[in-house]
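Below is the file input-v2.txt, which contains compact mmCIF, N, CA and C atoms.
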```txt
# COMPACT_ATOMS: atom_id res chain seq x y z
N VAL R 212 -114.01 -2.84 14.20
CA VAL R 212 -114.10 -3.61 15.44
C VAL R 212 -114.20 -2.62 16.61
N GLN R 213 -115.13 -2.90 17.50
CA GLN R 213 -115.30 -2.06 18.69
C GLN R 213 -115.38 -2.93 19.92
N LEU R 214 -114.83 -2.41 21.02
CA LEU R 214 -114.89 -3.09 22.30
C LEU R 214 -115.70 -2.21 23.25
N GLN R 215 -116.74 -2.76 23.82
CA GLN R 215 -117.61 -2.02 24.71
C GLN R 215 -117.56 -2.65 26.09
N ALA R 216 -116.98 -1.91 27.03
CA ALA R 216 -116.85 -2.41 28.39
C ALA R 216 -117.98 -1.87 29.26
N SER R 217 -118.36 -2.65 30.24
CA SER R 217 -119.39 -2.23 31.18
C SER R 217 -119.16 -2.91 32.52
N GLY R 218 -119.83 -2.39 33.55
CA GLY R 218 -119.79 -3.04 34.84
C GLY R 218 -119.00 -2.33 35.91
N GLY R 219 -118.34 -1.25 35.57
CA GLY R 219 -117.60 -0.53 36.59
C GLY R 219 -118.52 0.18 37.56
N GLY R 220 -117.92 0.78 38.59
CA GLY R 220 -118.72 1.50 39.55
C GLY R 220 -117.99 1.72 40.85
N LEU R 221 -118.76 2.08 41.86
CA LEU R 221 -118.23 2.34 43.19
C LEU R 221 -118.59 1.17 44.10
N VAL R 222 -117.60 0.68 44.81
CA VAL R 222 -117.83 -0.44 45.70
C VAL R 222 -116.98 -0.25 46.96
N GLN R 223 -117.45 -0.79 48.05
CA GLN R 223 -116.69 -0.71 49.30
C GLN R 223 -115.58 -1.75 49.31
N PRO R 224 -114.54 -1.51 50.09
CA PRO R 224 -113.48 -2.52 50.22
C PRO R 224 -114.06 -3.86 50.65
N GLY R 225 -113.58 -4.91 50.02
CA GLY R 225 -114.10 -6.24 50.27
C GLY R 225 -115.24 -6.64 49.36
N GLY R 226 -115.75 -5.70 48.61
CA GLY R 226 -116.87 -5.97 47.73
C GLY R 226 -116.44 -6.59 46.41
N SER R 227 -117.42 -6.78 45.53
CA SER R 227 -117.18 -7.43 44.25
C SER R 227 -117.79 -6.62 43.11
N LEU R 228 -117.18 -6.75 41.97
CA LEU R 228 -117.72 -6.19 40.72
C LEU R 228 -117.43 -7.17 39.60
N ARG R 229 -118.25 -7.08 38.58
CA ARG R 229 -118.03 -7.92 37.40
C ARG R 229 -117.99 -7.02 36.18
N LEU R 230 -116.88 -7.05 35.48
CA LEU R 230 -116.72 -6.28 34.26
C LEU R 230 -116.98 -7.18 33.06
N SER R 231 -117.64 -6.61 32.06
CA SER R 231 -117.88 -7.34 30.83
C SER R 231 -117.43 -6.51 29.65
N CYS R 232 -116.99 -7.18 28.61
CA CYS R 232 -116.56 -6.50 27.40
C CYS R 232 -117.10 -7.26 26.20
N ALA R 233 -117.85 -6.55 25.40
CA ALA R 233 -118.39 -7.14 24.18
C ALA R 233 -117.61 -6.62 22.99
N VAL R 234 -117.17 -7.54 22.16
CA VAL R 234 -116.39 -7.19 20.99
C VAL R 234 -117.26 -7.34 19.76
N SER R 235 -117.45 -6.24 19.07
CA SER R 235 -118.25 -6.29 17.85
C SER R 235 -117.33 -6.26 16.64
N GLY R 236 -117.74 -6.91 15.60
CA GLY R 236 -116.90 -7.00 14.43
C GLY R 236 -116.13 -8.30 14.41
N SER R 237 -115.38 -8.50 13.37
CA SER R 237 -114.66 -9.75 13.19
C SER R 237 -113.32 -9.71 13.90
N VAL R 238 -113.17 -10.58 14.86
CA VAL R 238 -111.91 -10.69 15.60
C VAL R 238 -111.52 -12.15 15.65
N SER R 239 -110.29 -12.42 15.31
CA SER R 239 -109.83 -13.80 15.33
C SER R 239 -109.83 -14.35 16.74
N SER R 240 -110.34 -15.55 16.88
CA SER R 240 -110.32 -16.20 18.18
C SER R 240 -108.91 -16.58 18.61
N ALA R 241 -107.95 -16.39 17.71
CA ALA R 241 -106.56 -16.67 18.06
C ALA R 241 -105.94 -15.55 18.90
N ASN R 242 -106.63 -14.44 19.00
CA ASN R 242 -106.10 -13.32 19.78
C ASN R 242 -106.30 -13.53 21.27
N ALA R 243 -105.36 -13.06 22.04
CA ALA R 243 -105.55 -13.01 23.48
C ALA R 243 -106.58 -11.92 23.79
N MET R 244 -107.33 -12.14 24.85
CA MET R 244 -108.30 -11.16 25.31
C MET R 244 -108.09 -10.95 26.80
N GLY R 245 -108.31 -9.75 27.25
CA GLY R 245 -108.11 -9.55 28.68
C GLY R 245 -108.37 -8.15 29.14
N TRP R 246 -107.84 -7.85 30.30
CA TRP R 246 -108.09 -6.60 30.97
C TRP R 246 -106.79 -5.97 31.47
N TYR R 247 -106.73 -4.66 31.32
CA TYR R 247 -105.65 -3.86 31.84
C TYR R 247 -106.27 -2.76 32.68
N ARG R 248 -105.46 -2.10 33.47
CA ARG R 248 -105.97 -0.99 34.26
C ARG R 248 -104.92 0.10 34.39
N GLN R 249 -105.43 1.30 34.64
CA GLN R 249 -104.53 2.44 34.81
C GLN R 249 -105.06 3.30 35.94
N ALA R 250 -104.27 3.40 36.99
CA ALA R 250 -104.60 4.25 38.12
C ALA R 250 -104.00 5.64 37.88
N PRO R 251 -104.53 6.65 38.53
CA PRO R 251 -104.01 8.01 38.35
C PRO R 251 -102.52 8.08 38.65
N GLY R 252 -101.77 8.66 37.73
CA GLY R 252 -100.35 8.82 37.92
C GLY R 252 -99.52 7.58 37.70
N LYS R 253 -100.16 6.51 37.26
CA LYS R 253 -99.44 5.25 37.05
C LYS R 253 -99.58 4.80 35.60
N GLU R 254 -98.69 3.91 35.21
CA GLU R 254 -98.77 3.36 33.87
C GLU R 254 -99.85 2.28 33.79
N ARG R 255 -100.30 2.07 32.58
CA ARG R 255 -101.28 1.02 32.37
C ARG R 255 -100.61 -0.33 32.62
N GLU R 256 -101.31 -1.19 33.34
CA GLU R 256 -100.74 -2.50 33.67
C GLU R 256 -101.71 -3.62 33.33
N MET R 257 -101.15 -4.76 33.05
CA MET R 257 -101.95 -5.94 32.77
C MET R 257 -102.59 -6.42 34.06
N VAL R 258 -103.85 -6.77 33.98
CA VAL R 258 -104.57 -7.33 35.12
C VAL R 258 -104.76 -8.83 34.93
N ALA R 259 -105.36 -9.19 33.81
CA ALA R 259 -105.63 -10.60 33.54
C ALA R 259 -105.83 -10.78 32.04
N VAL R 260 -105.21 -11.81 31.51
CA VAL R 260 -105.30 -12.09 30.08
C VAL R 260 -105.56 -13.57 29.88
N VAL R 261 -106.42 -13.88 28.94
CA VAL R 261 -106.67 -15.28 28.60
C VAL R 261 -106.35 -15.46 27.12
N GLY R 262 -105.48 -16.42 26.85
CA GLY R 262 -105.08 -16.68 25.49
C GLY R 262 -106.10 -17.49 24.72
N ALA R 263 -105.82 -17.66 23.46
CA ALA R 263 -106.75 -18.38 22.59
C ALA R 263 -106.99 -19.80 23.07
N GLY R 264 -105.96 -20.41 23.62
CA GLY R 264 -106.10 -21.78 24.09
C GLY R 264 -106.63 -21.90 25.51
N GLY R 265 -106.96 -20.76 26.10
CA GLY R 265 -107.51 -20.77 27.45
C GLY R 265 -106.51 -20.55 28.55
N ARG R 266 -105.24 -20.41 28.18
CA ARG R 266 -104.22 -20.18 29.20
C ARG R 266 -104.41 -18.79 29.79
N VAL R 267 -104.35 -18.71 31.10
CA VAL R 267 -104.66 -17.46 31.79
C VAL R 267 -103.42 -16.94 32.51
N LYS R 268 -103.27 -15.63 32.49
CA LYS R 268 -102.19 -14.98 33.21
C LYS R 268 -102.79 -13.85 34.03
N TYR R 269 -102.38 -13.79 35.29
CA TYR R 269 -102.86 -12.74 36.19
C TYR R 269 -101.70 -11.92 36.73
N ALA R 270 -101.97 -10.68 37.01
CA ALA R 270 -101.01 -9.89 37.77
C ALA R 270 -100.95 -10.46 39.18
N ASP R 271 -99.77 -10.44 39.78
CA ASP R 271 -99.61 -11.00 41.12
C ASP R 271 -100.57 -10.36 42.12
N SER R 272 -100.85 -9.10 41.93
CA SER R 272 -101.67 -8.36 42.89
C SER R 272 -103.14 -8.78 42.89
N VAL R 273 -103.56 -9.50 41.85
CA VAL R 273 -104.98 -9.88 41.78
C VAL R 273 -105.19 -11.39 41.85
N LYS R 274 -104.12 -12.14 41.88
CA LYS R 274 -104.25 -13.61 41.93
C LYS R 274 -105.06 -14.03 43.15
N GLY R 275 -105.99 -14.94 42.91
CA GLY R 275 -106.84 -15.42 44.00
C GLY R 275 -108.06 -14.57 44.26
N ARG R 276 -108.11 -13.39 43.63
CA ARG R 276 -109.26 -12.50 43.83
C ARG R 276 -110.03 -12.25 42.53
N PHE R 277 -109.32 -12.20 41.43
CA PHE R 277 -109.95 -11.91 40.14
C PHE R 277 -109.98 -13.17 39.29
N THR R 278 -111.02 -13.26 38.46
CA THR R 278 -111.13 -14.37 37.53
C THR R 278 -111.54 -13.81 36.16
N VAL R 279 -110.74 -14.15 35.16
CA VAL R 279 -111.04 -13.72 33.79
C VAL R 279 -111.55 -14.91 32.99
N SER R 280 -112.48 -14.63 32.11
CA SER R 280 -113.00 -15.69 31.24
C SER R 280 -113.39 -15.08 29.90
N ARG R 281 -113.40 -15.93 28.90
CA ARG R 281 -113.79 -15.47 27.57
C ARG R 281 -114.79 -16.45 26.97
N ASP R 282 -115.62 -15.92 26.10
CA ASP R 282 -116.58 -16.73 25.36
C ASP R 282 -116.36 -16.41 23.89
N ASN R 283 -115.67 -17.30 23.20
CA ASN R 283 -115.35 -17.06 21.79
C ASN R 283 -116.60 -17.01 20.91
N ALA R 284 -117.60 -17.76 21.27
CA ALA R 284 -118.81 -17.78 20.47
C ALA R 284 -119.53 -16.44 20.55
N LYS R 285 -119.48 -15.81 21.71
CA LYS R 285 -120.16 -14.53 21.90
C LYS R 285 -119.22 -13.34 21.76
N ASN R 286 -117.93 -13.60 21.60
CA ASN R 286 -116.93 -12.54 21.51
C ASN R 286 -116.98 -11.62 22.74
N THR R 287 -116.94 -12.24 23.90
CA THR R 287 -116.96 -11.47 25.13
C THR R 287 -115.82 -11.91 26.05
N VAL R 288 -115.41 -11.00 26.89
CA VAL R 288 -114.44 -11.32 27.94
C VAL R 288 -114.92 -10.65 29.22
N THR R 289 -114.88 -11.38 30.30
CA THR R 289 -115.38 -10.85 31.56
C THR R 289 -114.30 -10.93 32.63
N LEU R 290 -114.45 -10.09 33.63
CA LEU R 290 -113.52 -10.07 34.76
C LEU R 290 -114.34 -10.01 36.04
N GLN R 291 -114.31 -11.09 36.77
CA GLN R 291 -114.97 -11.13 38.08
C GLN R 291 -113.95 -10.71 39.12
N MET R 292 -114.28 -9.66 39.85
CA MET R 292 -113.35 -9.10 40.83
C MET R 292 -113.96 -9.22 42.22
N ASN R 293 -113.29 -9.96 43.07
CA ASN R 293 -113.76 -10.18 44.44
C ASN R 293 -112.76 -9.61 45.43
N ASN R 294 -113.25 -9.38 46.64
CA ASN R 294 -112.39 -8.86 47.70
C ASN R 294 -111.59 -7.65 47.23
N LEU R 295 -112.29 -6.71 46.67
CA LEU R 295 -111.63 -5.52 46.12
C LEU R 295 -111.03 -4.67 47.23
N SER R 296 -109.92 -4.04 46.89
CA SER R 296 -109.26 -3.14 47.82
C SER R 296 -109.09 -1.76 47.19
N VAL R 297 -108.74 -0.80 48.01
CA VAL R 297 -108.58 0.57 47.52
C VAL R 297 -107.54 0.61 46.39
N GLU R 298 -106.56 -0.27 46.48
CA GLU R 298 -105.49 -0.29 45.47
C GLU R 298 -105.98 -0.76 44.10
N ASP R 299 -107.17 -1.31 44.05
CA ASP R 299 -107.73 -1.74 42.76
C ASP R 299 -108.43 -0.60 42.03
N THR R 300 -108.52 0.54 42.65
CA THR R 300 -109.15 1.69 42.01
C THR R 300 -108.37 2.11 40.77
N ALA R 301 -109.06 2.16 39.65
CA ALA R 301 -108.42 2.48 38.38
C ALA R 301 -109.47 2.51 37.28
N VAL R 302 -109.04 2.94 36.12
CA VAL R 302 -109.84 2.75 34.91
C VAL R 302 -109.43 1.43 34.30
N TYR R 303 -110.40 0.60 34.05
CA TYR R 303 -110.14 -0.73 33.52
C TYR R 303 -110.47 -0.75 32.02
N TYR R 304 -109.55 -1.31 31.26
CA TYR R 304 -109.69 -1.38 29.81
C TYR R 304 -109.69 -2.82 29.34
N CYS R 305 -110.65 -3.16 28.53
CA CYS R 305 -110.58 -4.48 27.90
C CYS R 305 -109.71 -4.38 26.65
N ASN R 306 -109.15 -5.49 26.30
CA ASN R 306 -108.16 -5.52 25.22
C ASN R 306 -108.25 -6.80 24.44
N VAL R 307 -108.02 -6.67 23.17
CA VAL R 307 -107.89 -7.84 22.29
C VAL R 307 -106.57 -7.69 21.54
N GLY R 308 -105.74 -8.67 21.62
CA GLY R 308 -104.52 -8.68 20.84
C GLY R 308 -103.30 -8.12 21.51
N GLY R 309 -103.38 -7.76 22.77
CA GLY R 309 -102.20 -7.32 23.50
C GLY R 309 -101.88 -5.85 23.36
N ARG R 310 -100.74 -5.47 23.92
CA ARG R 310 -100.34 -4.07 23.98
C ARG R 310 -99.76 -3.53 22.68
N GLY R 311 -99.43 -4.40 21.78
CA GLY R 311 -98.70 -3.97 20.60
C GLY R 311 -99.51 -3.12 19.65
N ALA R 312 -98.91 -2.86 18.50
CA ALA R 312 -99.51 -1.96 17.51
C ALA R 312 -100.86 -2.45 17.01
N PHE R 313 -101.08 -3.73 17.07
CA PHE R 313 -102.33 -4.29 16.56
C PHE R 313 -103.34 -4.59 17.66
N GLY R 314 -103.01 -4.19 18.88
CA GLY R 314 -103.95 -4.38 19.96
C GLY R 314 -105.14 -3.45 19.86
N LEU R 315 -106.30 -3.93 20.31
CA LEU R 315 -107.52 -3.15 20.29
C LEU R 315 -107.96 -2.88 21.72
N TRP R 316 -108.46 -1.67 21.95
CA TRP R 316 -108.82 -1.26 23.30
C TRP R 316 -110.25 -0.78 23.39
N GLY R 317 -110.89 -1.09 24.51
CA GLY R 317 -112.18 -0.52 24.81
C GLY R 317 -112.03 0.88 25.37
N GLN R 318 -113.16 1.48 25.70
CA GLN R 318 -113.14 2.89 26.12
C GLN R 318 -112.77 3.06 27.58
N GLY R 319 -112.71 2.00 28.33
CA GLY R 319 -112.38 2.10 29.74
C GLY R 319 -113.61 2.25 30.61
N THR R 320 -113.56 1.63 31.76
CA THR R 320 -114.65 1.75 32.73
C THR R 320 -114.03 1.98 34.11
N GLN R 321 -114.57 2.93 34.83
CA GLN R 321 -114.00 3.32 36.12
C GLN R 321 -114.43 2.35 37.21
N VAL R 322 -113.46 1.90 37.97
CA VAL R 322 -113.70 1.11 39.17
C VAL R 322 -113.14 1.90 40.35
N THR R 323 -114.00 2.21 41.29
CA THR R 323 -113.58 2.95 42.47
C THR R 323 -113.92 2.14 43.71
N VAL R 324 -112.90 1.88 44.51
CA VAL R 324 -113.08 1.13 45.75
C VAL R 324 -112.84 2.10 46.90
N SER R 325 -113.90 2.36 47.64
CA SER R 325 -113.80 3.35 48.70
C SER R 325 -114.87 3.11 49.74
N SER R 326 -114.52 3.42 50.97
CA SER R 326 -115.50 3.30 52.04
C SER R 326 -116.22 4.62 52.25
```

What would the structure in this file look like if it were written as structure tokens?
Amino acid sequence: VQLQASGGGLVQPGGSLRLSCAVSGSVSSANAMGWYRQAPGKEREMVAVVGAGGRVKYADSVKGRFTVSRDNAKNTVTLQMNNLSVEDTAVYYCNVGGRGAFGLWGQGTQVTVSS
């Protein structure tokens, strides 16, 4: 199983980016899928996760600005990020199955918010 993330880049404050993650291989649709991020010198943190039943959880810092969605048929998870701020600068990782020992991670995509 491989997770391939795309869509990162450089954007000005207030701008938008859309991250996509394609999961290849057999992954149970019962797994949660989502996005985490890690800024320099900080621990990796949850950004947005969508469970198998569609229940969504967001970090407080991104509520109202980010939207996560999944397509079980296509095995993809996306993150629409609006009104980006400098504090959103980080490497973003897509994930299947959570942080635990059985969680799967993509390679990370850099998001830089700067004027």

Local residues around (-113.7, -9.4, 41.3), at most 5 Å away, using only N, CA and C atoms, as JSON, numbers by chain: {"R": [227, 228, 276, 277, 291, 292, 293]}

With N, CA and C atoms kept, could you save the residues just selected as a CSV table (one decimal), keeping the file's coordinate frame?
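result_4.csv, freshly written:
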```csv
chain,number,residue,atom,x,y,z
R,227,SER,N,-117.4,-6.8,45.5
R,227,SER,CA,-117.2,-7.4,44.2
R,227,SER,C,-117.8,-6.6,43.1
R,228,LEU,N,-117.2,-6.8,42.0
R,228,LEU,CA,-117.7,-6.2,40.7
R,228,LEU,C,-117.4,-7.2,39.6
R,276,ARG,N,-108.1,-13.4,43.6
R,276,ARG,CA,-109.3,-12.5,43.8
R,276,ARG,C,-110.0,-12.2,42.5
R,277,PHE,N,-109.3,-12.2,41.4
R,277,PHE,CA,-110.0,-11.9,40.1
R,277,PHE,C,-110.0,-13.2,39.3
R,291,GLN,N,-114.3,-11.1,36.8
R,291,GLN,CA,-115.0,-11.1,38.1
R,291,GLN,C,-114.0,-10.7,39.1
R,292,MET,N,-114.3,-9.7,39.8
R,292,MET,CA,-113.4,-9.1,40.8
R,292,MET,C,-114.0,-9.2,42.2
R,293,ASN,N,-113.3,-10.0,43.1
R,293,ASN,CA,-113.8,-10.2,44.4
R,293,ASN,C,-112.8,-9.6,45.4
```

Please identify all polymer residues within 6 Å of Gly245 of chain R, counting only N, CA and C atoms, omitting same-chain residues fewer than 3 positions from it, and present them as an mmCIF file with N, CA and C atoms, in the coordinates of the input.
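And here is the file that came out, result_23.cif:
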```
data_model
loop_
_atom_site.group_PDB
_atom_site.id
_atom_site.type_symbol
_atom_site.label_atom_id
_atom_site.label_comp_id
_atom_site.auth_asym_id
_atom_site.auth_seq_id
_atom_site.Cartn_x
_atom_site.Cartn_y
_atom_site.Cartn_z
ATOM 1 N N ALA R 259 -105.360 -9.190 33.810
ATOM 2 C CA ALA R 259 -105.630 -10.600 33.540
ATOM 3 C C ALA R 259 -105.830 -10.780 32.040
ATOM 4 N N VAL R 260 -105.210 -11.810 31.510
ATOM 5 C CA VAL R 260 -105.300 -12.090 30.080
ATOM 6 C C VAL R 260 -105.560 -13.570 29.880
ATOM 7 N N VAL R 261 -106.420 -13.880 28.940
ATOM 8 C CA VAL R 261 -106.670 -15.280 28.600
ATOM 9 C C VAL R 261 -106.350 -15.460 27.120
ATOM 10 N N TYR R 304 -109.550 -1.310 31.260
ATOM 11 C CA TYR R 304 -109.690 -1.380 29.810
ATOM 12 C C TYR R 304 -109.690 -2.820 29.340
ATOM 13 N N CYS R 305 -110.650 -3.160 28.530
ATOM 14 C CA CYS R 305 -110.580 -4.480 27.900
ATOM 15 C C CYS R 305 -109.710 -4.380 26.650
ATOM 16 N N ASN R 306 -109.150 -5.490 26.300
ATOM 17 C CA ASN R 306 -108.160 -5.520 25.220
ATOM 18 C C ASN R 306 -108.250 -6.800 24.440
ATOM 19 N N VAL R 307 -108.020 -6.670 23.170
ATOM 20 C CA VAL R 307 -107.890 -7.840 22.290
ATOM 21 C C VAL R 307 -106.570 -7.690 21.540
#
```

Residue with smallest distance to Thr287 of chain R - pool R:Ser235, R:Ser326, R:Asn242, R:Gln223, counting only C-alpha atoms: R:Ser235

Best match for closeness to Val302 of chain R among R:Lys274, R:Arg281, R:Arg248, R:Arg229, counting all atoms listed in the file: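 Nearest to Val302 of chain R: R:Arg248.
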
Non-local contacts of Thr300 of chain R (5 Å; all atoms listed in the file; under 2 positions in same chain excluded) as number ranges by chain: R: 297-298, 302, 322-324

I need the chosen residues saved as a PDB file, in the coordinates of the input, with N, CA and C atoms.
```
ATOM      1  N   VAL R 297    -108.740  -0.800  48.010  1.00  0.00           N
ATOM      2  CA  VAL R 297    -108.580   0.570  47.520  1.00  0.00           C
ATOM      3  C   VAL R 297    -107.540   0.610  46.390  1.00  0.00           C
ATOM      4  N   GLU R 298    -106.560  -0.270  46.480  1.00  0.00           N
ATOM      5  CA  GLU R 298    -105.490  -0.290  45.470  1.00  0.00           C
ATOM      6  C   GLU R 298    -105.980  -0.760  44.100  1.00  0.00           C
ATOM      7  N   VAL R 302    -109.040   2.940  36.120  1.00  0.00           N
ATOM      8  CA  VAL R 302    -109.840   2.750  34.910  1.00  0.00           C
ATOM      9  C   VAL R 302    -109.430   1.430  34.300  1.00  0.00           C
ATOM     10  N   VAL R 322    -113.460   1.900  37.970  1.00  0.00           N
ATOM     11  CA  VAL R 322    -113.700   1.110  39.170  1.00  0.00           C
ATOM     12  C   VAL R 322    -113.140   1.900  40.350  1.00  0.00           C
ATOM     13  N   THR R 323    -114.000   2.210  41.290  1.00  0.00           N
ATOM     14  CA  THR R 323    -113.580   2.950  42.470  1.00  0.00           C
ATOM     15  C   THR R 323    -113.920   2.140  43.710  1.00  0.00           C
ATOM     16  N   VAL R 324    -112.900   1.880  44.510  1.00  0.00           N
ATOM     17  CA  VAL R 324    -113.080   1.130  45.750  1.00  0.00           C
ATOM     18  C   VAL R 324    -112.840   2.100  46.900  1.00  0.00           C
TER      19      VAL R 324
END
```

Between atom C of Ser296 of chain R and atom C of Met244 of chain R, distance in Å (one decimal):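 About the pair atom C of Ser296 of chain R and atom C of Met244 of chain R: they are 22.4 Å apart.
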
Atom CA of Ala243 of chain R to atom CA of Gly308 of chain R, straight-line distance in Å: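 Taking atom CA of Gly308 of chain R as the start and atom CA of Ala243 of chain R as the end point, the length is 5.2 Å.
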
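Atom CA of Thr320 of chain R sits 12.2 Å away from atom C of Leu290 of chain R.
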
DSSP strand (DSSP E or B) residues within chain R, as an MDAnalysis selection string: chainID R and resid 213:217 220:222 228:235 244:249 256:261 267:269 277:282 287:292 301:307 315:316 320:324

For Val279 of chain R, the nearest of the candidates R:Gly220, R:Gln215, R:Trp246, R:Phe313, counting only N, CA and C atoms: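 For Val279 of chain R, the nearest of the given residues is R:Trp246.
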